[in-house]
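Below is one structure, written out as structure tokens; comments come after it.
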Amino acid sequence: MGSTKMPELKIGDLAAKIPIIQGGMGVGISLSGLASAVAKLGAIGVIATVGIGMLESDFDTNFKAANERALRREIKAARKMSNGGIIGVNIMIASSDADDIAKTAVDEGIDLVFLSAGLPLKHPKTLPLDRLAEVKTKFVPKVSSARAAKLIFQCWAKRYNHVPDAVVIEGPLSGGHQGFAKENIYNADFALEKLLPGTISVVKPFEQQFGKSIPVIAAGGIYTGEDIYKFIRMGASGVKMGTRFVATNECDAAIEFKEAYIKCKKEDLVIIDSPVGIPARVIRNKFIDDVNAGIRKPFKCPWQCLRTCDFQNTPYCIGIALYNAKKGDLENGFALAGANAYRINEIVSVERLIRTLTEEYERAALA
């Protein structure tokens, strides 16, 4: 019988004792507090960069500088509190300043950059191409299909003579913005179990070509240690989890945000058409009902933070709505959440959550 212990997750010269990556949740849900707590325990903590400048007093007049300043502060704080743990940042490629944020993170010596919300075919263009293989930072795109993974790896191999250090394949049960058409979110053909094997197959030739291991990380709807065991048995090197980490003491969101998870029912988790032009999974509340009823939420756009946002015609600003929710003002915002958020019934410490997941994994391995 093989080991019942969780395997290490190795990404280049980084080795996480616990093969769990905490999801990077914006706006302000996963900052240095959550990321450092996760990293300190041997998993990988992630700071979300999207909207991070909204924490600053001058974000409405100097958004770009506010983003960079806040990111530097959060990375430094996470480093200090994590006792040498592995820290990453999540960057939305659709962000108007994605390249500058990537450069800031690399300059700060971040361990990992997770690239989401788009295909990073020209990213990060602010770094000299001959430095991509030399910088300490590892780059990990998040995709929703094996085809997207293949496109990214082919492009990077040709353009940079370098490929990503790992890849996250995320299924449609994840929280927030989806990489799937609305009609495919509940289609069994697009389930994570169907997406993972093809992604692993796509990556293998690039492992041989570049002589390195390229971990494939499963994400989207992973809730228990038994789930982790299942996907690692299927060939994943680790998992990414967001929803479970919201209802922790260390999560950087207000208590009211966490309580929205605890109070929600399965039918409250709905798919909306996000102002950024793609579907998103949220916890339904009065704000969502108002928008669905055609009620506009007037706002002044300080800076078009997302390239895809039609801010002149959208009924509300999703950045402001999510920041309000992060602060606990759910009358003027809403919470993004994964399909399993309704299963959460208490707020626990990160340490207890990881211990629970580890115990569940070991029981599954023994079964």
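Ordering of the structure tokens sets the chain letters (A, B, ...), residue numbers begin anew at 1 in every chain, and ligands are numbered from 1 in the order given.
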
List every residue of segment 32-213 of chain A that DSSP, applied to the backbone of this structure, assigns to strand (DSSP E or B), and report them as a VMD selection string.
chain A and resid 44 to 48 86 to 92 95 112 to 116 138 to 143 167 to 170 176 to 177

Store the residues of this selection in a file with N, CA and C atoms, as a short mmCIF file (atom, residue, chain, number, x, y, z; two decimals), in the first residue's frame.
data_model
loop_
_atom_site.label_atom_id
_atom_site.label_comp_id
_atom_site.auth_asym_id
_atom_site.auth_seq_id
_atom_site.Cartn_x
_atom_site.Cartn_y
_atom_site.Cartn_z
N ILE A 44 0.20 26.85 -0.08
CA ILE A 44 0.60 28.05 -0.84
C ILE A 44 -0.46 29.12 -0.67
N GLY A 45 -0.06 30.26 -0.12
CA GLY A 45 -0.97 31.38 0.08
C GLY A 45 -0.91 32.33 -1.09
N VAL A 46 -2.06 32.91 -1.44
CA VAL A 46 -2.14 33.76 -2.63
C VAL A 46 -2.85 35.08 -2.31
N ILE A 47 -2.21 36.18 -2.70
CA ILE A 47 -2.78 37.52 -2.60
C ILE A 47 -3.45 37.86 -3.92
N ALA A 48 -4.70 38.30 -3.87
CA ALA A 48 -5.39 38.73 -5.09
C ALA A 48 -5.02 40.17 -5.39
N ILE A 86 5.46 29.80 1.17
CA ILE A 86 5.36 30.13 -0.26
C ILE A 86 4.18 31.07 -0.49
N ILE A 87 4.48 32.21 -1.10
CA ILE A 87 3.46 33.24 -1.35
C ILE A 87 3.36 33.51 -2.86
N GLY A 88 2.13 33.55 -3.35
CA GLY A 88 1.89 33.90 -4.74
C GLY A 88 0.94 35.07 -4.85
N VAL A 89 0.80 35.59 -6.06
CA VAL A 89 -0.23 36.59 -6.34
C VAL A 89 -1.04 36.11 -7.52
N ASN A 90 -2.31 36.50 -7.55
CA ASN A 90 -3.16 36.22 -8.69
C ASN A 90 -3.38 37.51 -9.46
N ILE A 91 -3.12 37.47 -10.76
CA ILE A 91 -3.29 38.64 -11.61
C ILE A 91 -4.32 38.33 -12.69
N MET A 92 -5.32 39.19 -12.79
CA MET A 92 -6.29 39.06 -13.88
C MET A 92 -5.72 39.72 -15.13
N SER A 95 -7.11 42.89 -16.41
CA SER A 95 -6.86 44.16 -15.72
C SER A 95 -6.06 45.08 -16.61
N LEU A 112 5.30 33.04 -6.82
CA LEU A 112 4.46 32.56 -7.91
C LEU A 112 3.55 33.67 -8.41
N VAL A 113 3.33 33.72 -9.72
CA VAL A 113 2.32 34.58 -10.30
C VAL A 113 1.31 33.69 -11.01
N PHE A 114 0.06 33.72 -10.54
CA PHE A 114 -1.03 32.99 -11.18
C PHE A 114 -1.73 33.96 -12.13
N LEU A 115 -1.88 33.55 -13.38
CA LEU A 115 -2.45 34.40 -14.43
C LEU A 115 -3.83 33.89 -14.78
N SER A 116 -4.86 34.72 -14.51
CA SER A 116 -6.24 34.29 -14.73
C SER A 116 -6.98 35.28 -15.61
N LYS A 138 7.87 32.04 -10.42
CA LYS A 138 7.28 31.02 -11.29
C LYS A 138 5.95 31.54 -11.84
N PHE A 139 5.67 31.23 -13.11
CA PHE A 139 4.44 31.70 -13.74
C PHE A 139 3.49 30.53 -13.99
N VAL A 140 2.23 30.72 -13.56
CA VAL A 140 1.25 29.63 -13.61
C VAL A 140 -0.07 30.16 -14.18
N PRO A 141 -0.37 29.87 -15.44
CA PRO A 141 -1.67 30.29 -15.98
C PRO A 141 -2.81 29.42 -15.47
N LYS A 142 -3.98 30.01 -15.40
CA LYS A 142 -5.20 29.26 -15.06
C LYS A 142 -6.04 29.16 -16.32
N VAL A 143 -6.46 27.94 -16.67
CA VAL A 143 -7.22 27.71 -17.90
C VAL A 143 -8.49 26.93 -17.59
N VAL A 167 0.36 24.66 -14.37
CA VAL A 167 -0.88 25.15 -14.95
C VAL A 167 -2.04 24.73 -14.04
N VAL A 168 -3.01 25.62 -13.88
CA VAL A 168 -4.23 25.31 -13.12
C VAL A 168 -5.36 25.08 -14.11
N ILE A 169 -6.01 23.93 -14.00
CA ILE A 169 -7.20 23.67 -14.81
C ILE A 169 -8.40 23.80 -13.88
N GLU A 170 -9.27 24.77 -14.18
CA GLU A 170 -10.39 25.08 -13.28
C GLU A 170 -11.73 24.74 -13.93
N GLY A 176 -17.03 32.99 -8.49
CA GLY A 176 -16.66 34.15 -9.29
C GLY A 176 -16.78 33.91 -10.78
N HIS A 177 -15.93 34.61 -11.53
CA HIS A 177 -16.03 34.62 -12.99
C HIS A 177 -15.63 33.28 -13.59
#

For segment 319-326 of chain A, list every protein, DNA or RNA residue within 10 Å, evaluated using only C-alpha atoms, and leave out those in the same chain fewer than 5 positions away; present the list as a PyMOL selection string.
chain A and resi 26-30+50-52+54-55+252-258+260+275+287+297+299-301+305-306+331-336

List every residue of segment 175-361 of chain A that DSSP, applied to the backbone, labels as alpha helix (DSSP H), and write the result as a ChimeraX atom specification.
/A:192-210,225-233,243-246,255-263,286-292,318-326,350-361

Can you list, as a list of chain:residue names, every protein, DNA or RNA residue that comes within 7 Å of Ala364 of chain A when you count only C-alpha atoms, leaving out same-chain residues fewer than 4 positions away?
A:Glu226, A:Tyr229, A:Glu360

List the spatial neighbours of Gly33 of chain A as a PDB file with C-alpha atoms, in the first residue's frame - criterion: any atom at most 7 Å away, only C-alpha atoms, same-chain residues fewer than 5 positions off excluded.
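File produced: part_13.pdb:
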ATOM      1  CA  ALA A  78       2.770  38.305   3.940  1.00  0.00           C
ATOM      2  CA  GLU A 250      -7.734  34.790   8.936  1.00  0.00           C
ATOM      3  CA  CYS A 251      -9.632  35.634   5.735  1.00  0.00           C
ATOM      4  CA  ASP A 252      -9.267  39.356   5.052  1.00  0.00           C
TER       5      ASP A 252
END

Straight-line distance linking atom CA of Ala166 of chain A with atom CA of Ile217 of chain A, stated in Å to one decimal:
7.5 Å

Pick from A:Lys122, A:Arg147, A:Lys182, A:His162: nearest to Ala280 of chain A, with only C-alpha atoms counted?
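The closest residue to Ala280 of chain A is A:Lys182.
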
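For Arg72 of chain A, the set of protein, DNA and RNA residues having any atom at most 9 Å away, when counting only C-alpha atoms and skipping those fewer than 5 positions along the same chain, is Asn67, Ala77, Thr104, Ala105 and Glu108 of chain A.
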
Those residues you just picked out, can you put them in a file as a PDB file, in the first residue's frame with N, CA and C atoms?
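Output (again.pdb):
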ATOM      1  N   ASN A  67      -2.648  50.711  -6.727  1.00  0.00           N
ATOM      2  CA  ASN A  67      -2.542  49.259  -6.892  1.00  0.00           C
ATOM      3  C   ASN A  67      -1.130  48.770  -6.586  1.00  0.00           C
ATOM      4  N   ALA A  77       4.132  42.304   3.918  1.00  0.00           N
ATOM      5  CA  ALA A  77       3.464  41.856   5.146  1.00  0.00           C
ATOM      6  C   ALA A  77       3.315  40.335   5.160  1.00  0.00           C
ATOM      7  N   THR A 104       5.715  44.519 -10.792  1.00  0.00           N
ATOM      8  CA  THR A 104       5.816  44.860  -9.367  1.00  0.00           C
ATOM      9  C   THR A 104       5.999  43.606  -8.521  1.00  0.00           C
ATOM     10  N   ALA A 105       5.200  42.576  -8.802  1.00  0.00           N
ATOM     11  CA  ALA A 105       5.283  41.332  -8.038  1.00  0.00           C
ATOM     12  C   ALA A 105       6.648  40.672  -8.206  1.00  0.00           C
ATOM     13  N   GLU A 108       9.315  42.425  -6.328  1.00  0.00           N
ATOM     14  CA  GLU A 108       9.227  42.125  -4.892  1.00  0.00           C
ATOM     15  C   GLU A 108       9.659  40.693  -4.575  1.00  0.00           C
TER      16      GLU A 108
END

Give the answer as one residue: which of A:Lys266, A:Ala16, A:Asn313, A:Gln22 has the shortest atom-to-atom distance to Arg284 of chain A, using only C-alpha atoms?
A:Lys266

Applying 12 Å and only C-alpha atoms, which residues near Ser201 of chain A remain after dropping the ones on its own chain fewer than 5 positions away? List them as a ChimeraX atom specification.
/A:145-147,149-150,195-196,206-208,214-216,234-236

Could those residues be written to a file, using C-alpha atoms, as a PDB file, in the first residue's frame?
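The file below, out_17.pdb, is the result:
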ATOM      1  CA  SER A 145      -9.691  23.710 -21.191  1.00  0.00           C
ATOM      2  CA  ALA A 146      -6.810  21.566 -22.414  1.00  0.00           C
ATOM      3  CA  ARG A 147      -6.989  23.510 -25.686  1.00  0.00           C
ATOM      4  CA  ALA A 149      -3.362  25.219 -22.045  1.00  0.00           C
ATOM      5  CA  LYS A 150      -1.879  23.931 -25.309  1.00  0.00           C
ATOM      6  CA  LEU A 195     -11.015  18.475 -18.131  1.00  0.00           C
ATOM      7  CA  LEU A 196      -8.105  17.233 -16.017  1.00  0.00           C
ATOM      8  CA  PHE A 206       6.419  20.223 -23.043  1.00  0.00           C
ATOM      9  CA  GLU A 207       7.869  18.482 -19.999  1.00  0.00           C
ATOM     10  CA  GLN A 208       9.964  16.383 -22.343  1.00  0.00           C
ATOM     11  CA  ILE A 214       5.164  20.844 -15.047  1.00  0.00           C
ATOM     12  CA  PRO A 215       2.523  20.203 -12.362  1.00  0.00           C
ATOM     13  CA  VAL A 216      -1.137  20.307 -13.312  1.00  0.00           C
ATOM     14  CA  MET A 234      -6.397  11.186 -11.309  1.00  0.00           C
ATOM     15  CA  GLY A 235      -2.973  12.727 -11.888  1.00  0.00           C
ATOM     16  CA  ALA A 236      -3.202  16.244 -10.489  1.00  0.00           C
TER      17      ALA A 236
END

Taking a cut-off of 12 Å and counting only C-alpha atoms, can you build a table that, for each residue of segment 33-139 of chain A near segment 342-359 of chain A, reports the nearest atom pair and how far apart they are in Å (one decimal), sorted by chain then residue number, as CSV?
residue,atom,partner,partner_atom,distance
A:Gly33,CA,A:Val350,CA,10.6
A:Leu34,CA,A:Val350,CA,8.1
A:Ala35,CA,A:Val350,CA,10.0
A:Ser36,CA,A:Val350,CA,10.2
A:Ala37,CA,A:Val350,CA,6.6
A:Val38,CA,A:Val350,CA,6.5
A:Ala39,CA,A:Val350,CA,10.1
A:Lys40,CA,A:Glu351,CA,9.4
A:Leu41,CA,A:Glu351,CA,7.0
A:Gly42,CA,A:Ile354,CA,9.6
A:Ala43,CA,A:Ile354,CA,8.7
A:Ile44,CA,A:Ile354,CA,11.6
A:Gly45,CA,A:Val350,CA,11.0

Work out how far apart atom CA of Ile271 of chain A and atom CA of Leu330 of chain A are and give it in Å to one decimal.
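Taking atom CA of Ile271 of chain A and atom CA of Leu330 of chain A, their separation equals 17.6 Å.
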